[in-house]
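Asker: Got a structure for you, written out below as structure tokens; questions coming shortly.
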Amino acid sequence: MATQSTEAASAVAAGTVFVTLSGLPLFIDLDWPFHQATSGADFWVLHSKLRLADGSGLHALAAVNLSLTVKEVLPALDAQYTEGPVLNALRKEVDSKQLEFVKSPKLVPVHFSSRYYSFKKQQWAFPAASDEEVSQMLLRKVYWTTQSGKSETIIADPIDALYVNTTVDHLRELAQKLSQQGVIRVNGDRATAGEVAKHTGSFQADLKAQLEELQKKHAFERG
């Protein structure tokens with residue numbers, strides 16, 4: 001089957017901020033393409049780097065391990081078929097505190113398996129989030145994108161919709177409600193900051209609290 005090149009298929013613009021439901025803003029770099037594990041194991045690997053978008057320099061290195069079971073139901077392993085699910089699997093690993101953010105190299109395996117794929121529905125499946133959680137994620141996305149130096153962000157992103165198990169139309173609806181409150185300004189599928197800066201203290205506190213919890217968990221596991 002002929003497929004697009006990885007570069008052409010990628011839908012993620014450089015510098016896109018991905019916000020986790022737990023409140024951490026991330027830049028995520030994927031080192032395409034997937035390659036078969038050199039150990040001879042029946043899984044395919046894609047290396048990734050997650051960087052906190054707060055300028056701290058903290059990052060997490062992960063090897064996304066795609067199981068053979070899921071590979072067999074995909075048309076191909078190109079970005080056009082796997083990019084969004086990979087990005088969201090990594091976000092979910094951060095939500096569940098499986099990845100540690102450090103300043104030194106430490107590669108961690110991330111299992112990209114049927115945990116995120118519904119064979120019954122023949123589609124990717126991620127846990128649903130409440131409207132309140134999704135609205136908070138959208139607010140954080142606009143805030144952290146602004147902090148990274150960009151004036152606007154895509155507010156109705158299919159990758160975000162998949163992450164919280166909703167539709168792009170529903171993201172638009174929630175964004176419009178936030179716009180009516182004056183915290184963001186919406187123009188089509190893009191948004192800019194309104195009065196979202198009023199939440200700066202809350203967003204910064206959320207990041208600090210989540211990062212501290214995550215680091216404590218890994219420190220405890222190391223003994």
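Chain lettering (A, B, ...) mirrors the order of the structure tokens, residue numbering begins at 1 for each chain separately, and ligand numbering begins at 1 in order of display.
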Mind checking which residues fall within 9 Å of range 63-72 of chain A, counting only C-alpha atoms, ignoring those fewer than 3 positions away in the same chain, and posting them as a PDB file with N, CA, C and O atoms, in the first residue's frame?
Answerer:
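Here's the written file around.pdb:
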ATOM      1  N   PHE A  34       8.598   4.499  13.100  1.00  0.00           N
ATOM      2  CA  PHE A  34       8.626   3.318  13.956  1.00  0.00           C
ATOM      3  C   PHE A  34       9.637   2.328  13.377  1.00  0.00           C
ATOM      4  O   PHE A  34       9.781   2.212  12.158  1.00  0.00           O
ATOM      5  N   ALA A  37      11.855  -3.649  17.059  1.00  0.00           N
ATOM      6  CA  ALA A  37      12.780  -3.778  18.184  1.00  0.00           C
ATOM      7  C   ALA A  37      13.968  -4.644  17.785  1.00  0.00           C
ATOM      8  O   ALA A  37      13.802  -5.720  17.206  1.00  0.00           O
ATOM      9  N   ASP A  42       8.514  -8.993  19.266  1.00  0.00           N
ATOM     10  CA  ASP A  42       7.493  -8.674  18.275  1.00  0.00           C
ATOM     11  C   ASP A  42       6.767  -7.371  18.605  1.00  0.00           C
ATOM     12  O   ASP A  42       5.543  -7.343  18.795  1.00  0.00           O
ATOM     13  N   PHE A  43       7.512  -6.278  18.690  1.00  0.00           N
ATOM     14  CA  PHE A  43       6.909  -4.960  18.823  1.00  0.00           C
ATOM     15  C   PHE A  43       7.757  -3.939  18.079  1.00  0.00           C
ATOM     16  O   PHE A  43       8.908  -4.203  17.722  1.00  0.00           O
ATOM     17  N   TRP A  44       7.157  -2.790  17.810  1.00  0.00           N
ATOM     18  CA  TRP A  44       7.818  -1.727  17.054  1.00  0.00           C
ATOM     19  C   TRP A  44       8.005  -0.517  17.956  1.00  0.00           C
ATOM     20  O   TRP A  44       7.191  -0.244  18.838  1.00  0.00           O
ATOM     21  N   VAL A  45       9.087   0.224  17.731  1.00  0.00           N
ATOM     22  CA  VAL A  45       9.500   1.278  18.656  1.00  0.00           C
ATOM     23  C   VAL A  45       9.558   2.644  17.971  1.00  0.00           C
ATOM     24  O   VAL A  45      10.003   2.755  16.821  1.00  0.00           O
ATOM     25  N   LEU A  46       9.109   3.662  18.691  1.00  0.00           N
ATOM     26  CA  LEU A  46       9.233   5.049  18.243  1.00  0.00           C
ATOM     27  C   LEU A  46       9.762   5.862  19.416  1.00  0.00           C
ATOM     28  O   LEU A  46       9.139   5.906  20.482  1.00  0.00           O
ATOM     29  N   HIS A  47      10.921   6.479  19.262  1.00  0.00           N
ATOM     30  CA  HIS A  47      11.491   7.285  20.337  1.00  0.00           C
ATOM     31  C   HIS A  47      10.831   8.666  20.371  1.00  0.00           C
ATOM     32  O   HIS A  47      10.464   9.226  19.336  1.00  0.00           O
ATOM     33  N   SER A  48      10.704   9.192  21.580  1.00  0.00           N
ATOM     34  CA  SER A  48      10.057  10.496  21.747  1.00  0.00           C
ATOM     35  C   SER A  48      10.729  11.275  22.866  1.00  0.00           C
ATOM     36  O   SER A  48      11.394  10.697  23.738  1.00  0.00           O
ATOM     37  N   LYS A  49      10.529  12.579  22.816  1.00  0.00           N
ATOM     38  CA  LYS A  49      11.037  13.451  23.875  1.00  0.00           C
ATOM     39  C   LYS A  49       9.929  14.407  24.284  1.00  0.00           C
ATOM     40  O   LYS A  49       9.365  15.108  23.443  1.00  0.00           O
ATOM     41  N   PRO A  75      -3.446   0.321   8.922  1.00  0.00           N
ATOM     42  CA  PRO A  75      -3.072   0.330   7.508  1.00  0.00           C
ATOM     43  C   PRO A  75      -1.561   0.431   7.326  1.00  0.00           C
ATOM     44  O   PRO A  75      -0.988  -0.156   6.413  1.00  0.00           O
ATOM     45  N   ALA A  76      -0.921   1.208   8.203  1.00  0.00           N
ATOM     46  CA  ALA A  76       0.533   1.411   8.168  1.00  0.00           C
ATOM     47  C   ALA A  76       0.943   2.078   9.472  1.00  0.00           C
ATOM     48  O   ALA A  76       0.084   2.488  10.264  1.00  0.00           O
ATOM     49  N   LEU A  77       2.243   2.206   9.700  1.00  0.00           N
ATOM     50  CA  LEU A  77       2.735   2.839  10.929  1.00  0.00           C
ATOM     51  C   LEU A  77       3.127   4.293  10.709  1.00  0.00           C
ATOM     52  O   LEU A  77       3.732   4.915  11.575  1.00  0.00           O
ATOM     53  N   VAL A  86      -0.347   8.267  19.391  1.00  0.00           N
ATOM     54  CA  VAL A  86       0.935   8.229  20.101  1.00  0.00           C
ATOM     55  C   VAL A  86       1.058   9.426  21.048  1.00  0.00           C
ATOM     56  O   VAL A  86       1.424   9.280  22.218  1.00  0.00           O
ATOM     57  N   ALA A  89      -1.254   8.838  23.948  1.00  0.00           N
ATOM     58  CA  ALA A  89      -0.771   7.785  24.839  1.00  0.00           C
ATOM     59  C   ALA A  89       0.314   8.342  25.759  1.00  0.00           C
ATOM     60  O   ALA A  89       0.353   8.035  26.956  1.00  0.00           O
ATOM     61  N   LEU A  90       1.175   9.183  25.202  1.00  0.00           N
ATOM     62  CA  LEU A  90       2.225   9.799  26.013  1.00  0.00           C
ATOM     63  C   LEU A  90       1.622  10.741  27.056  1.00  0.00           C
ATOM     64  O   LEU A  90       2.059  10.776  28.212  1.00  0.00           O
ATOM     65  N   LEU A 107      15.766   6.900  29.344  1.00  0.00           N
ATOM     66  CA  LEU A 107      14.773   6.403  28.406  1.00  0.00           C
ATOM     67  C   LEU A 107      13.815   5.436  29.104  1.00  0.00           C
ATOM     68  O   LEU A 107      14.243   4.487  29.745  1.00  0.00           O
ATOM     69  N   VAL A 108      12.515   5.710  28.978  1.00  0.00           N
ATOM     70  CA  VAL A 108      11.487   4.908  29.634  1.00  0.00           C
ATOM     71  C   VAL A 108      10.572   4.283  28.585  1.00  0.00           C
ATOM     72  O   VAL A 108      10.134   4.964  27.656  1.00  0.00           O
ATOM     73  N   PRO A 109      10.275   2.970  28.693  1.00  0.00           N
ATOM     74  CA  PRO A 109       9.354   2.343  27.736  1.00  0.00           C
ATOM     75  C   PRO A 109       7.909   2.741  28.014  1.00  0.00           C
ATOM     76  O   PRO A 109       7.489   2.824  29.165  1.00  0.00           O
ATOM     77  N   VAL A 110       7.156   3.011  26.952  1.00  0.00           N
ATOM     78  CA  VAL A 110       5.724   3.294  27.059  1.00  0.00           C
ATOM     79  C   VAL A 110       4.993   2.270  26.209  1.00  0.00           C
ATOM     80  O   VAL A 110       5.245   2.160  25.004  1.00  0.00           O
ATOM     81  N   HIS A 111       4.101   1.507  26.812  1.00  0.00           N
ATOM     82  CA  HIS A 111       3.404   0.444  26.098  1.00  0.00           C
ATOM     83  C   HIS A 111       2.222   1.016  25.317  1.00  0.00           C
ATOM     84  O   HIS A 111       1.252   1.504  25.893  1.00  0.00           O
ATOM     85  N   PHE A 112       2.334   0.953  23.998  1.00  0.00           N
ATOM     86  CA  PHE A 112       1.315   1.474  23.084  1.00  0.00           C
ATOM     87  C   PHE A 112       0.573   0.270  22.531  1.00  0.00           C
ATOM     88  O   PHE A 112       0.925  -0.277  21.490  1.00  0.00           O
ATOM     89  N   SER A 113      -0.448  -0.161  23.268  1.00  0.00           N
ATOM     90  CA  SER A 113      -1.072  -1.454  22.983  1.00  0.00           C
ATOM     91  C   SER A 113      -2.586  -1.334  22.890  1.00  0.00           C
ATOM     92  O   SER A 113      -3.131  -0.245  22.710  1.00  0.00           O
ATOM     93  N   SER A 114      -3.268  -2.460  23.030  1.00  0.00           N
ATOM     94  CA  SER A 114      -4.724  -2.487  22.958  1.00  0.00           C
ATOM     95  C   SER A 114      -5.370  -1.724  24.113  1.00  0.00           C
ATOM     96  O   SER A 114      -6.585  -1.548  24.138  1.00  0.00           O
ATOM     97  N   TYR A 117      -6.810   0.942  22.192  1.00  0.00           N
ATOM     98  CA  TYR A 117      -7.485   0.613  20.932  1.00  0.00           C
ATOM     99  C   TYR A 117      -8.669  -0.310  21.197  1.00  0.00           C
ATOM    100  O   TYR A 117      -8.554  -1.295  21.926  1.00  0.00           O
ATOM    101  N   PHE A 119     -10.956  -2.948  19.724  1.00  0.00           N
ATOM    102  CA  PHE A 119     -11.119  -3.872  18.603  1.00  0.00           C
ATOM    103  C   PHE A 119     -12.595  -4.024  18.229  1.00  0.00           C
ATOM    104  O   PHE A 119     -12.933  -4.274  17.082  1.00  0.00           O
TER     105      PHE A 119
END
Asker: I want to know what sits within 8 Å of Leu24 in chain A, based on only C-alpha atoms, with residues of the same chain fewer than 5 positions away left out; could you give that as a list in words?
Answerer: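 Residues near the query, excluding close chain neighbours: Val19, Leu52, Asp206, Leu207, Gln210 and Leu211 of chain A.
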Asker: Enter the distance from CA of Gly84 in chain A to CA of Gly23 in chain A, in Å, rounded to one decimal.
Answerer: 19.0 Å
Asker: Using only C-alpha atoms, which protein or nucleic acid residues come within 12 Å of range 199-202 of chain A? Drop anything in the same chain fewer than 4 positions from it, and give the result as an MDAnalysis selection string.
Answerer: chainID A and resid 23 136 139:140 142:144 146:147 183:184 193:195 206:209
Asker: Considering only C-alpha atoms, can you say which of A:Asp95, A:Glu212, A:Asp31, A:Glu83 comes closest to Pro127 in chain A?
Answerer: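 Answer, going by the shortest atom-to-atom distance: A:Asp95.
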Asker: Please identify all polymer residues within 8 Å of Lys141 in chain A, counting only C-alpha atoms, omitting same-chain residues fewer than 5 positions from it, and present them as number ranges by chain.
Answerer: A: 17-19, 25, 153
Asker: Enumerate, as a ChimeraX atom specification, the complete set of residues in range 10-182 of chain A that a backbone-based DSSP assignment places in strand (DSSP E).
Answerer: /A:18-19,25-36,43-52,59-67,107-112,117-118,123-124,152-154
Asker: From the DSSP assignment of the backbone, select every residue of range 41-166 of chain A that is helix (DSSP H, G or I), and format the answer as a PyMOL selection string.
Answerer: chain A and resi 68-71+79-95+114-116+131-147+158-163
Asker: Excluding Ala161 in chain A and its own-chain neighbours fewer than 2 positions away, which residues fall within 10 Å of it when counting only C-alpha atoms? Please give them as a PyMOL selection string.
Answerer: chain A and resi 84+88+126+128+134+155-159+163-171
Asker: The selected residues should be written to file as a PDB file, in the first residue's frame (atoms: N, CA, C and O atoms).
Answerer:
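Result written to out09.pdb:
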ATOM      1  N   GLY A  84      -1.526  11.054  16.231  1.00  0.00           N
ATOM      2  CA  GLY A  84      -2.423  11.500  17.296  1.00  0.00           C
ATOM      3  C   GLY A  84      -2.500  10.526  18.447  1.00  0.00           C
ATOM      4  O   GLY A  84      -2.343  10.914  19.619  1.00  0.00           O
ATOM      5  N   ASN A  88      -1.268  11.153  22.381  1.00  0.00           N
ATOM      6  CA  ASN A  88      -2.215  11.032  23.482  1.00  0.00           C
ATOM      7  C   ASN A  88      -1.840   9.924  24.452  1.00  0.00           C
ATOM      8  O   ASN A  88      -2.066  10.036  25.658  1.00  0.00           O
ATOM      9  N   PHE A 126      -9.677   6.396  24.030  1.00  0.00           N
ATOM     10  CA  PHE A 126      -9.051   6.943  25.233  1.00  0.00           C
ATOM     11  C   PHE A 126     -10.143   7.275  26.248  1.00  0.00           C
ATOM     12  O   PHE A 126     -11.296   7.526  25.870  1.00  0.00           O
ATOM     13  N   ALA A 128     -12.763   9.010  28.664  1.00  0.00           N
ATOM     14  CA  ALA A 128     -13.494  10.266  28.523  1.00  0.00           C
ATOM     15  C   ALA A 128     -13.157  11.214  29.682  1.00  0.00           C
ATOM     16  O   ALA A 128     -12.723  10.786  30.758  1.00  0.00           O
ATOM     17  N   VAL A 134     -12.278  19.252  30.353  1.00  0.00           N
ATOM     18  CA  VAL A 134     -11.913  19.636  28.989  1.00  0.00           C
ATOM     19  C   VAL A 134     -11.799  21.153  28.865  1.00  0.00           C
ATOM     20  O   VAL A 134     -10.866  21.669  28.244  1.00  0.00           O
ATOM     21  N   ILE A 155      -7.903  25.563  18.767  1.00  0.00           N
ATOM     22  CA  ILE A 155      -8.743  25.211  19.906  1.00  0.00           C
ATOM     23  C   ILE A 155      -9.601  23.985  19.621  1.00  0.00           C
ATOM     24  O   ILE A 155     -10.100  23.334  20.537  1.00  0.00           O
ATOM     25  N   ALA A 156      -9.804  23.664  18.336  1.00  0.00           N
ATOM     26  CA  ALA A 156     -10.604  22.493  17.956  1.00  0.00           C
ATOM     27  C   ALA A 156      -9.691  21.505  17.253  1.00  0.00           C
ATOM     28  O   ALA A 156      -9.786  21.282  16.046  1.00  0.00           O
ATOM     29  N   ASP A 157      -8.792  20.910  18.021  1.00  0.00           N
ATOM     30  CA  ASP A 157      -7.770  20.018  17.494  1.00  0.00           C
ATOM     31  C   ASP A 157      -8.249  18.569  17.578  1.00  0.00           C
ATOM     32  O   ASP A 157      -8.603  18.100  18.666  1.00  0.00           O
ATOM     33  N   PRO A 158      -8.263  17.827  16.465  1.00  0.00           N
ATOM     34  CA  PRO A 158      -8.684  16.427  16.500  1.00  0.00           C
ATOM     35  C   PRO A 158      -7.867  15.576  17.471  1.00  0.00           C
ATOM     36  O   PRO A 158      -8.387  14.611  18.043  1.00  0.00           O
ATOM     37  N   ILE A 159      -6.589  15.927  17.659  1.00  0.00           N
ATOM     38  CA  ILE A 159      -5.754  15.166  18.591  1.00  0.00           C
ATOM     39  C   ILE A 159      -6.230  15.376  20.024  1.00  0.00           C
ATOM     40  O   ILE A 159      -6.307  14.440  20.821  1.00  0.00           O
ATOM     41  N   TYR A 163      -7.908  12.638  22.696  1.00  0.00           N
ATOM     42  CA  TYR A 163      -7.318  12.514  24.027  1.00  0.00           C
ATOM     43  C   TYR A 163      -8.380  12.459  25.117  1.00  0.00           C
ATOM     44  O   TYR A 163      -8.256  11.720  26.100  1.00  0.00           O
ATOM     45  N   VAL A 164      -9.453  13.257  24.961  1.00  0.00           N
ATOM     46  CA  VAL A 164     -10.501  13.313  25.991  1.00  0.00           C
ATOM     47  C   VAL A 164     -11.776  12.597  25.552  1.00  0.00           C
ATOM     48  O   VAL A 164     -12.829  12.745  26.164  1.00  0.00           O
ATOM     49  N   ASN A 165     -11.674  11.835  24.456  1.00  0.00           N
ATOM     50  CA  ASN A 165     -12.784  11.005  23.969  1.00  0.00           C
ATOM     51  C   ASN A 165     -14.041  11.825  23.687  1.00  0.00           C
ATOM     52  O   ASN A 165     -15.133  11.520  24.172  1.00  0.00           O
ATOM     53  N   THR A 166     -13.869  12.874  22.886  1.00  0.00           N
ATOM     54  CA  THR A 166     -15.007  13.691  22.489  1.00  0.00           C
ATOM     55  C   THR A 166     -14.862  14.040  21.016  1.00  0.00           C
ATOM     56  O   THR A 166     -14.046  13.446  20.312  1.00  0.00           O
ATOM     57  N   THR A 167     -15.657  14.990  20.545  1.00  0.00           N
ATOM     58  CA  THR A 167     -15.610  15.394  19.143  1.00  0.00           C
ATOM     59  C   THR A 167     -15.034  16.792  19.006  1.00  0.00           C
ATOM     60  O   THR A 167     -15.035  17.580  19.964  1.00  0.00           O
ATOM     61  N   VAL A 168     -14.585  17.097  17.809  1.00  0.00           N
ATOM     62  CA  VAL A 168     -14.077  18.438  17.531  1.00  0.00           C
ATOM     63  C   VAL A 168     -15.195  19.460  17.705  1.00  0.00           C
ATOM     64  O   VAL A 168     -14.973  20.563  18.223  1.00  0.00           O
ATOM     65  N   ASP A 169     -16.409  19.109  17.308  1.00  0.00           N
ATOM     66  CA  ASP A 169     -17.547  20.023  17.462  1.00  0.00           C
ATOM     67  C   ASP A 169     -17.796  20.352  18.928  1.00  0.00           C
ATOM     68  O   ASP A 169     -18.131  21.492  19.276  1.00  0.00           O
ATOM     69  N   HIS A 170     -17.626  19.352  19.791  1.00  0.00           N
ATOM     70  CA  HIS A 170     -17.835  19.602  21.226  1.00  0.00           C
ATOM     71  C   HIS A 170     -16.744  20.525  21.774  1.00  0.00           C
ATOM     72  O   HIS A 170     -17.021  21.381  22.622  1.00  0.00           O
ATOM     73  N   LEU A 171     -15.521  20.375  21.286  1.00  0.00           N
ATOM     74  CA  LEU A 171     -14.457  21.298  21.695  1.00  0.00           C
ATOM     75  C   LEU A 171     -14.816  22.720  21.284  1.00  0.00           C
ATOM     76  O   LEU A 171     -14.587  23.676  22.040  1.00  0.00           O
TER      77      LEU A 171
END
Asker: Find the distance between CA of Leu87 in chain A and CA of Pro33 in chain A and write it in Å to one decimal.
Answerer: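 Result for CA of Leu87 in chain A versus CA of Pro33 in chain A: 14.1 Å, one decimal.
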Asker: Tell me, in Å to one decimal, how far CA of Val94 in chain A is from CA of Glu132 in chain A.
Answerer: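 Calculated distance between CA of Val94 in chain A and CA of Glu132 in chain A is 19.6 Å.
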Asker: For Met137 in chain A, which residue among A:Ser118, A:Asp160, A:Gly57, A:Ser104 is the nearest when counting only C-alpha atoms?
Answerer: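 Of A:Ser118, A:Asp160, A:Gly57, A:Ser104, the one nearest Met137 in chain A is A:Asp160, counting only C-alpha atoms.
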